[in-house]
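What follows is a short report on a single structure.
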Amino acid sequence: MDITRFNLANPWRLNKKWDVPNIPRTATDIIAKWIDEPEILILLGARQVGKTSILYQLIDKLLKTESADNIYYFNLDIAGFKDFVSDTGKLLRFINVDEQCQKYVFIDEIQRLPNPGKFIKGIYDLRLKIKFILTGSSSLEIKSKTTESLTGRKQVFKIFPLSFLEYMSAFTNINQEKININNYDLYLDILNENLCDYMLFGGYPAVALSKTIEKKLFRLEEIYNSYIEKDIAGFLRIENIDAFKKLIVFLSAQQGNLVNINELTNSLNLHRETVVKYIRFLKETFVINETAPFFTNPRTELTKMKKIFFVDSGIRNFAVNGFGQLDIRADKGQILEGIVANFLLNQISKNKKLNYWRTKSGAEVDFILSNTLTHSCFEVKSKKLENIIVPRSLRSFIEKHKPELAFLLNNNLWANQIINKTQIHAVPSSVFLLNQNIQLI
């Protein structure tokens, strides 16, 4: 290994100044609580979503209590690092494992190793005083290269683009602690203005930090093309790239609608199995999420067709070349619904599910959050409300399923009402979205 390259990637070891990414990430604080636990920590997320920045923030936290000599960082995209890390013997000798001294090893892009699972299991089972914190850009790639069972040896964290809270923290001093039902109107204009930008360009850190629209679009294009070239053409080796791109465009345009696989198959002139496979690839590479229908009566409620939402609104808008003024766009509600979907999916714990509800007669509620005992429902509106008006479909769901809570997300109104023992909360979407954004799996 080239020691000069290693030192350049580890400036703290030479007591040199280095730039710590200053966008507050909720994930950093959550993952830091696991540093003293035995499991290997793995951060999974799309390329350029901020995983390396989170590693740097974790290193900066460690340097407050640990010696710089005990902290090592390897980026496997740097020439020579992959072969060096692959040789466990060389790696352990370089780290100079000491039974008395805890070492911390950060490895970026672990999927570059021939068998990441074997590496993780082998290191873990040695029971050395080494804490490994790893990142990966494709859960599909890691799974395909992993032949070892890692149950009980790891904790995996999914890292997403900036949440709206993180976005606001980066550019304003507004946070959830400042705002309540009595003062929210003081902040609403700036919240809604920032939400519009977030809806258009998404939460990829490099895009959010860009000062001009031209640069935002340039960086979105770079992220999109990098994904197509490296994940799709490179690792997955999909030959029909044009069909794959068309699928992304179709799904972008249909965000929030029922996904008809047969319709996509005919439009793309592909086999059904290929379309299903492509959609799975999009999900496993952190481009899309999906929700299934909520039902208790298959005779009257939909049971199979899913809805798809893009993880980042900027990527979704880039796919359809849609960056026009939101107030005059027909898809404004679709964009906001996608942001709320991802917010809810990233919040839910293991014992809860996120679904949508639709009857065969057409009644529909955007989101149902449920576990075995209770459920809450969410209706997303991009317009202003003067008072709480419960849509007929939502009222129908309340009467039939008796949820504890129902939320009317809207542009401006914060108010409460009770219908049939269900608490109805109208909340501005920009206020509702000021929350955490990290999921531990």
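Within each chain, counting starts at residue 1; across the structure tokens, chains are named A, B, ... in the order shown, with ligands numbered 1 upward in that order.
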Report the closest atom pair, with its distance in Å rounded to one decimal, for each residue of region 250-330 of chain A that has an atom no farther than 12 Å from region 163-179 of chain A; count only C-alpha atoms, sort by chain and then rising residue number, and write it as CSV.
residue,atom,partner,partner_atom,distance
A:Val311,CA,A:Ser163,CA,10.6
A:Asp312,CA,A:Ser163,CA,9.8
A:Ser313,CA,A:Ser163,CA,11.3
May I have the residues within 12 Å of region 98-106 of chain A as number ranges by chain, using only C-alpha atoms and disregarding those fewer than 2 positions away in the same chain?
A: 9-10, 35-36, 38, 40-43, 51-59, 62-63, 65-76, 85, 91-96, 108-110, 123, 126-136
Skipping near chain neighbours, those fewer than 6 positions away, what residues fall within 9 Å of Ile279 (chain A) using only C-alpha atoms, listed as a PyMOL selection string?
chain A and resi 247-248+288
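Residues in contact range of region 389-395 of chain A, defined as at most 9 Å between only C-alpha atoms, with sequence neighbours fewer than 5 positions away removed, read Arg358, Gly362, Ala363, Glu364, Val365, Cys377, Phe378, Glu379, Lys400, Ala406, Leu408, Ile419 and Ile424 of chain A.
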Could the residues in this selection be written to a file with C-alpha atoms, as a PDB file, in the first residue's frame?
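Wrote it out as part37.pdb, contents follow:
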ATOM      1  CA  ARG A 358     -57.960   1.669  -1.860  1.00  0.00           C
ATOM      2  CA  GLY A 362     -62.183   3.903  -5.944  1.00  0.00           C
ATOM      3  CA  ALA A 363     -62.044   5.241  -2.367  1.00  0.00           C
ATOM      4  CA  GLU A 364     -58.408   5.841  -1.406  1.00  0.00           C
ATOM      5  CA  VAL A 365     -56.203   7.017   1.474  1.00  0.00           C
ATOM      6  CA  CYS A 377     -53.710   7.223   8.314  1.00  0.00           C
ATOM      7  CA  PHE A 378     -52.280  10.111   6.285  1.00  0.00           C
ATOM      8  CA  GLU A 379     -53.782  12.143   3.479  1.00  0.00           C
ATOM      9  CA  LYS A 400     -64.559   1.136   8.628  1.00  0.00           C
ATOM     10  CA  ALA A 406     -55.555  10.657  11.035  1.00  0.00           C
ATOM     11  CA  LEU A 408     -54.322  15.900   6.871  1.00  0.00           C
ATOM     12  CA  ILE A 419     -64.470  12.096  14.383  1.00  0.00           C
ATOM     13  CA  ILE A 424     -57.816  14.321  13.136  1.00  0.00           C
TER      14      ILE A 424
END
Provide the CA of Arg153 (chain A) to CA of Phe81 (chain A) distance in Å, to one decimal place.
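So the answer is 23.9 Å.
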Spatial neighbours of Ser137 (chain A), 10 Å, only C-alpha atoms, chain gap at least 4 places, as a PyMOL selection string
chain A and resi 43-49+51+108-112+141-142+159+231+284-286
